[in-house]
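Below is the file run-v9.pdb, which contains PDB, C-alpha atoms.
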ATOM      1  CA  MET A   2      16.705 -61.528 -76.566
ATOM      2  CA  HIS A   3      16.024 -59.553 -73.421
ATOM      3  CA  SER A   4      12.328 -59.441 -74.206
ATOM      4  CA  VAL A   5      12.258 -63.260 -74.480
ATOM      5  CA  ASP A   6      14.047 -63.566 -71.123
ATOM      6  CA  ARG A   7      11.586 -61.165 -69.493
ATOM      7  CA  TYR A   8       8.763 -63.149 -71.063
ATOM      8  CA  CYS A   9      10.165 -66.362 -69.489
ATOM      9  CA  GLU A  10      10.178 -64.692 -66.053
ATOM     10  CA  TRP A  11       6.647 -63.363 -66.527
ATOM     11  CA  LEU A  12       5.425 -66.707 -67.841
ATOM     12  CA  ALA A  13       6.807 -68.537 -64.808
ATOM     13  CA  ARG A  14       4.678 -66.377 -62.500
ATOM     14  CA  GLN A  15       1.507 -67.188 -64.482
ATOM     15  CA  PHE A  16       1.590 -70.922 -63.762
ATOM     16  CA  PHE A  17       1.649 -73.040 -60.633
ATOM     17  CA  ALA A  18       2.668 -76.610 -60.074
ATOM     18  CA  PRO A  19       3.156 -78.339 -56.730
ATOM     19  CA  GLY A  20       6.825 -78.847 -56.071
ATOM     20  CA  LEU A  21       7.914 -76.305 -58.685
ATOM     21  CA  GLU A  22       8.878 -72.758 -57.848
ATOM     22  CA  PRO A  23       8.655 -69.854 -60.313
ATOM     23  CA  ALA A  24      12.420 -70.050 -60.824
ATOM     24  CA  ASP A  25      12.023 -73.688 -61.896
ATOM     25  CA  LEU A  26       9.298 -72.762 -64.366
ATOM     26  CA  ALA A  27      11.390 -69.859 -65.711
ATOM     27  CA  GLN A  28      14.231 -72.291 -66.266
ATOM     28  CA  GLU A  29      11.869 -74.655 -68.097
ATOM     29  CA  ALA A  30      10.858 -71.729 -70.308
ATOM     30  CA  ARG A  31      14.499 -70.925 -71.054
ATOM     31  CA  ILE A  32      15.151 -74.567 -71.925
ATOM     32  CA  GLY A  33      12.219 -74.374 -74.329
ATOM     33  CA  VAL A  34      13.773 -71.303 -75.965
ATOM     34  CA  TRP A  35      17.157 -73.015 -76.154
ATOM     35  CA  LYS A  36      15.602 -76.045 -77.882
ATOM     36  CA  ALA A  37      13.686 -73.748 -80.234
ATOM     37  CA  ARG A  38      16.960 -72.445 -81.677
ATOM     38  CA  ARG A  39      17.575 -75.697 -83.530
ATOM     39  CA  ASP A  40      14.037 -75.816 -84.965
ATOM     40  CA  PHE A  41      13.716 -72.178 -85.991
ATOM     41  CA  ASP A  42      13.274 -71.472 -89.685
ATOM     42  CA  PRO A  43      13.554 -67.721 -90.495
ATOM     43  CA  SER A  44      11.518 -68.155 -93.671
ATOM     44  CA  ARG A  45       8.480 -69.221 -91.597
ATOM     45  CA  GLY A  46       8.234 -66.247 -89.260
ATOM     46  CA  ASP A  47       9.602 -64.083 -86.481
ATOM     47  CA  TRP A  48      12.150 -65.514 -84.025
ATOM     48  CA  GLU A  49      10.746 -63.726 -80.969
ATOM     49  CA  HIS A  50       7.214 -65.030 -81.512
ATOM     50  CA  PHE A  51       8.555 -68.552 -82.145
ATOM     51  CA  ALA A  52      10.739 -68.439 -78.997
ATOM     52  CA  MET A  53       7.860 -67.240 -76.823
ATOM     53  CA  LEU A  54       5.601 -70.007 -78.128
ATOM     54  CA  ALA A  55       8.304 -72.609 -77.425
ATOM     55  CA  ALA A  56       8.802 -71.206 -73.904
ATOM     56  CA  LYS A  57       5.071 -71.360 -73.164
ATOM     57  CA  ARG A  58       4.783 -74.922 -74.454
ATOM     58  CA  SER A  59       7.767 -75.965 -72.360
ATOM     59  CA  VAL A  60       6.251 -74.474 -69.180
ATOM     60  CA  ILE A  61       2.881 -76.108 -69.878
ATOM     61  CA  ALA A  62       4.587 -79.463 -70.388
ATOM     62  CA  ALA A  63       6.434 -79.055 -67.066
ATOM     63  CA  VAL A  64       3.208 -78.169 -65.228
ATOM     64  CA  ARG A  65       1.406 -81.146 -66.756
ATOM     65  CA  ALA A  66       4.237 -83.464 -65.762
ATOM     66  CA  ALA A  67       4.246 -82.115 -62.211
ATOM     67  CA  THR A  68       0.471 -82.435 -61.779
ATOM     68  CA  ARG A  69       0.079 -85.747 -63.589
ATOM     69  CA  GLY A  70       0.349 -87.706 -60.354
ATOM     70  CA  LYS A  71       2.733 -90.158 -61.942
ATOM     71  CA  HIS A  72       5.317 -89.415 -59.301
ATOM     72  CA  GLY A  73       2.807 -88.855 -56.499
ATOM     73  CA  VAL A  74       3.998 -91.851 -54.555
ATOM     74  CA  LEU A  75       7.514 -90.451 -54.516
ATOM     75  CA  SER A  76       6.273 -86.997 -53.564
ATOM     76  CA  ARG A  77       4.430 -88.393 -50.534
ATOM     77  CA  ALA A  78       7.141 -90.877 -49.612
ATOM     78  CA  ARG A  79       8.825 -90.671 -46.241
ATOM     79  CA  SER A  80      12.459 -91.251 -45.560
ATOM     80  CA  TYR A  81      13.456 -94.700 -44.426
ATOM     81  CA  HIS A  82      15.357 -93.037 -41.591
ATOM     82  CA  GLU A  83      12.676 -90.486 -40.609
ATOM     83  CA  PRO A  84      11.123 -91.018 -37.133
ATOM     84  CA  ILE A  85       7.751 -92.774 -37.417
ATOM     85  CA  GLY A  86       6.087 -90.926 -34.571
ATOM     86  CA  ASP A  87       6.859 -93.173 -31.624
ATOM     87  CA  GLU A  88       8.070 -91.629 -28.407
ATOM     88  CA  ASP A  89      11.331 -93.556 -28.643
ATOM     89  CA  GLY A  90      12.212 -91.978 -32.004
ATOM     90  CA  SER A  91      12.386 -95.277 -33.844
ATOM     91  CA  THR A  92      12.539 -95.194 -37.626
ATOM     92  CA  LEU A  93      11.157 -97.419 -40.321
ATOM     93  CA  ALA A  94      14.656 -98.835 -40.725
ATOM     94  CA  ASP A  95      14.578 -99.872 -37.055
ATOM     95  CA  CYS A  96      11.241-101.653 -37.479
ATOM     96  CA  LEU A  97      11.938-103.586 -40.659
ATOM     97  CA  ALA A  98      14.196-106.563 -40.969
ATOM     98  CA  ALA A  99      16.932-106.579 -43.552
ATOM     99  CA  PRO A 100      16.214-108.743 -46.622
ATOM    100  CA  VAL A 101      19.018-111.098 -45.623
ATOM    101  CA  ASP A 102      17.412-111.594 -42.199
ATOM    102  CA  ILE A 103      14.031-112.285 -43.809
ATOM    103  CA  ALA A 104      15.565-114.871 -46.140
ATOM    104  CA  PHE A 105      17.414-116.500 -43.249
ATOM    105  CA  GLU A 106      14.236-116.718 -41.138
ATOM    106  CA  TYR A 107      12.331-118.195 -44.085
ATOM    107  CA  GLU A 108      15.050-120.798 -44.577
ATOM    108  CA  GLN A 109      14.971-121.657 -40.886
ATOM    109  CA  ARG A 110      11.173-122.080 -40.937
ATOM    110  CA  GLU A 111      11.457-124.354 -43.960
ATOM    111  CA  ARG A 112      14.004-126.483 -42.141
ATOM    112  CA  VAL A 113      11.703-126.768 -39.127
ATOM    113  CA  ARG A 114       8.771-127.702 -41.399
ATOM    114  CA  GLY A 115      10.960-130.341 -43.013
ATOM    115  CA  LEU A 116      11.857-131.680 -39.590
ATOM    116  CA  PHE A 117       8.254-131.819 -38.354
ATOM    117  CA  GLY A 118       7.257-133.681 -41.513
ATOM    118  CA  ARG A 119       9.663-136.487 -40.521
ATOM    119  CA  LEU A 120       8.654-136.788 -36.859
ATOM    120  CA  SER A 121       6.370-139.404 -35.381
ATOM    121  CA  GLY A 122       3.344-138.284 -33.384
ATOM    122  CA  LEU A 123       5.096-138.783 -30.056
ATOM    123  CA  GLU A 124       8.228-136.986 -31.241
ATOM    124  CA  ALA A 125       6.227-134.004 -32.485
ATOM    125  CA  ASP A 126       4.254-133.775 -29.224
ATOM    126  CA  VAL A 127       7.434-133.973 -27.149
ATOM    127  CA  VAL A 128       9.091-131.213 -29.219
ATOM    128  CA  ARG A 129       6.041-128.933 -28.950
ATOM    129  CA  ASN A 130       5.911-129.355 -25.187
ATOM    130  CA  ARG A 131       9.670-128.864 -24.833
ATOM    131  CA  ILE A 132       9.493-125.666 -26.944
ATOM    132  CA  ALA A 133       6.679-124.481 -24.646
ATOM    133  CA  GLY A 134       9.138-124.798 -21.757
ATOM    134  CA  ASP A 135       7.931-127.992 -20.149
ATOM    135  CA  ASP A 136      10.458-130.246 -18.417
ATOM    136  CA  TYR A 137      10.720-134.035 -18.755
ATOM    137  CA  PRO A 138       8.437-134.914 -15.790
ATOM    138  CA  ARG A 139       5.689-132.568 -16.969
ATOM    139  CA  ILE A 140       5.881-133.817 -20.588
ATOM    140  CA  SER A 141       5.852-137.388 -19.302
ATOM    141  CA  ALA A 142       2.739-136.743 -17.213
ATOM    142  CA  GLU A 143       0.914-134.888 -19.979
ATOM    143  CA  LEU A 144       1.638-137.479 -22.684
ATOM    144  CA  LYS A 145       1.267-140.413 -20.266
ATOM    145  CA  VAL A 146       4.653-141.944 -21.144
ATOM    146  CA  ASP A 147       7.794-142.678 -19.130
ATOM    147  CA  GLU A 148      10.425-139.954 -18.794
ATOM    148  CA  LYS A 149      12.819-142.290 -20.589
ATOM    149  CA  ALA A 150      10.393-142.353 -23.573
ATOM    150  CA  VAL A 151      10.463-138.530 -23.596
ATOM    151  CA  ASP A 152      14.270-138.570 -23.534
ATOM    152  CA  ASN A 153      14.439-141.188 -26.307
ATOM    153  CA  ALA A 154      11.988-139.194 -28.441
ATOM    154  CA  LEU A 155      14.113-136.049 -28.064
ATOM    155  CA  GLN A 156      17.254-138.004 -28.963
ATOM    156  CA  ARG A 157      15.582-139.232 -32.171
ATOM    157  CA  VAL A 158      14.469-135.667 -32.967
ATOM    158  CA  ARG A 159      18.047-134.426 -32.538
ATOM    159  CA  CYS A 160      19.319-137.119 -34.917
ATOM    160  CA  LYS A 161      16.669-136.278 -37.520
ATOM    161  CA  ALA A 162      17.385-132.550 -37.167
ATOM    162  CA  GLN A 163      21.094-133.160 -37.661
ATOM    163  CA  ALA A 164      20.382-135.231 -40.765
ATOM    164  CA  ILE A 165      18.275-132.380 -42.203
ATOM    165  CA  LEU A 166      21.001-129.811 -41.437
ATOM    166  CA  ASP A 167      23.596-132.049 -43.068
ATOM    167  CA  SER A 168      21.428-132.414 -46.196
ATOM    168  CA  TYR A 169      21.035-128.605 -46.448
ATOM    169  CA  ASP A 170      24.789-128.184 -46.022
ATOM    170  CA  ARG A 171      25.413-130.681 -48.843
ATOM    171  CA  LEU A 172      22.965-128.806 -51.092
ATOM    172  CA  ALA A 173      24.615-125.467 -50.291
ATOM    173  CA  ALA A 174      28.102-126.760 -51.058
TER     174      ALA A 174
END
Please go through the file and, once you have read it, give me the structure as structure tokens.
Amino acid sequence: MHSVDRYCEWLARQFFAPGLEPADLAQEARIGVWKARRDFDPSRGDWEHFAMLAAKRSVIAAVRAATRGKHGVLSRARSYHEPIGDEDGSTLADCLAAPVDIAFEYEQRERVRGLFGRLSGLEADVVRNRIAGDDYPRISAELKVDEKAVDNALQRVRCKAQAILDSYDRLAA
């Protein structure tokens, strides 16, 4: 058996596969020999020759698997917590939102879309200007309406927004 073990060590040094060291390949060869024990039939030949052939086939299979490229994406993958090269040391985890946050933002956008679909032209214009930071006198001047019309439009928008929020709450319950 010592000659088979030496053969496994020698065989491991004859092959190369990225990500596999000779010790890994020697272990693959030994696994091949171990599996060969169950398939060996003494009436068909010599054990040592059979074991060496099984070891070689096992190493070749390991090298093919390692060089296949099937797991290339994983081999080149970077850690989620590895710095991404910025001076501040931020990681990918710092830059990406959590899935829950993404879902929440999507839900919020859908609510706003639902609200804007129910607004009149004046109401929508008033909301856009208010979001932009304009005050009542500026909105009034830009839209050429009284300040009271701006205030009334915003009151109607608040009522419609509350009705939409209430409908979502009823659906969620």
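One distance worth recording is that between atom CA of Asp40 of chain A and atom CA of Ala56 of chain A, which is 13.1 Å.
Close contacts of segment 148-155 of chain A, defined as residues with an atom at most 8 Å away when counting only C-alpha atoms, with chain neighbours fewer than 6 positions off set aside, comprise Leu123, Glu124, Val127, Val128, Tyr137, Pro138, Ile140 and Ser141 of chain A.
Compared by their closest atoms to Asp6 of chain A, and using only C-alpha atoms, the residues A:Val60, A:Ala30, A:Ile132, A:Ala37 rank with A:Ala30 nearest.
The coordinates place atom CA of Cys160 of chain A at 20.3 Å from atom CA of Asp147 of chain A.
What separates atom CA of Leu120 of chain A from atom CA of Arg157 of chain A is a distance of 8.7 Å.
Running the PyMOL selection byres ((chain A and resi 32) around 12) on this file leaves Val5, Asp6, Cys9, Asp25, Leu26, Ala27, Gln28, Glu29, Ala30, Arg31, Gly33, Val34, Trp35, Lys36, Ala37, Arg38, Arg39, Ala52, Met53, Ala55, Ala56, Lys57, Arg58, Ser59, Val60, Ala62 and Ala63 of chain A selected.
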Practice problem: Check the smallest atom-to-atom distance from each of A:Leu166, A:Asn130, A:Arg65, A:Arg45 to Glu108 of chain A using only C-alpha atoms, then report the winner. | Solution: A:Leu166
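Proximity to segment 17-19 of chain A at 12 Å, evaluated using only C-alpha atoms and with sequence-adjacent residues fewer than 3 positions away removed, yields Leu12, Ala13, Arg14, Glu22, Pro23, Ala24, Asp25, Leu26, Ala27, Val60, Ile61, Ala62, Ala63, Val64, Arg65, Ala66, Ala67, Thr68, Arg69, Gly70, His72, Gly73, Ser76 and Arg77 of chain A.
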Go ahead and write the selection's residues with C-alpha atoms as a PDB file, in the frame of the given file.
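And here is the file that came out, out21.pdb:
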ATOM      1  CA  LEU A  12       5.425 -66.707 -67.841  1.00  0.00           C
ATOM      2  CA  ALA A  13       6.807 -68.537 -64.808  1.00  0.00           C
ATOM      3  CA  ARG A  14       4.678 -66.377 -62.500  1.00  0.00           C
ATOM      4  CA  GLU A  22       8.878 -72.758 -57.848  1.00  0.00           C
ATOM      5  CA  PRO A  23       8.655 -69.854 -60.313  1.00  0.00           C
ATOM      6  CA  ALA A  24      12.420 -70.050 -60.824  1.00  0.00           C
ATOM      7  CA  ASP A  25      12.023 -73.688 -61.896  1.00  0.00           C
ATOM      8  CA  LEU A  26       9.298 -72.762 -64.366  1.00  0.00           C
ATOM      9  CA  ALA A  27      11.390 -69.859 -65.711  1.00  0.00           C
ATOM     10  CA  VAL A  60       6.251 -74.474 -69.180  1.00  0.00           C
ATOM     11  CA  ILE A  61       2.881 -76.108 -69.878  1.00  0.00           C
ATOM     12  CA  ALA A  62       4.587 -79.463 -70.388  1.00  0.00           C
ATOM     13  CA  ALA A  63       6.434 -79.055 -67.066  1.00  0.00           C
ATOM     14  CA  VAL A  64       3.208 -78.169 -65.228  1.00  0.00           C
ATOM     15  CA  ARG A  65       1.406 -81.146 -66.756  1.00  0.00           C
ATOM     16  CA  ALA A  66       4.237 -83.464 -65.762  1.00  0.00           C
ATOM     17  CA  ALA A  67       4.246 -82.115 -62.211  1.00  0.00           C
ATOM     18  CA  THR A  68       0.471 -82.435 -61.779  1.00  0.00           C
ATOM     19  CA  ARG A  69       0.079 -85.747 -63.589  1.00  0.00           C
ATOM     20  CA  GLY A  70       0.349 -87.706 -60.354  1.00  0.00           C
ATOM     21  CA  HIS A  72       5.317 -89.415 -59.301  1.00  0.00           C
ATOM     22  CA  GLY A  73       2.807 -88.855 -56.499  1.00  0.00           C
ATOM     23  CA  SER A  76       6.273 -86.997 -53.564  1.00  0.00           C
ATOM     24  CA  ARG A  77       4.430 -88.393 -50.534  1.00  0.00           C
TER      25      ARG A  77
END
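Residue nearest Phe117 of chain A within the list A:Arg159, A:Asp102, A:Asp135, A:Lys145: A:Arg159 [criterion: smallest interatomic distance, all atoms listed in the file].
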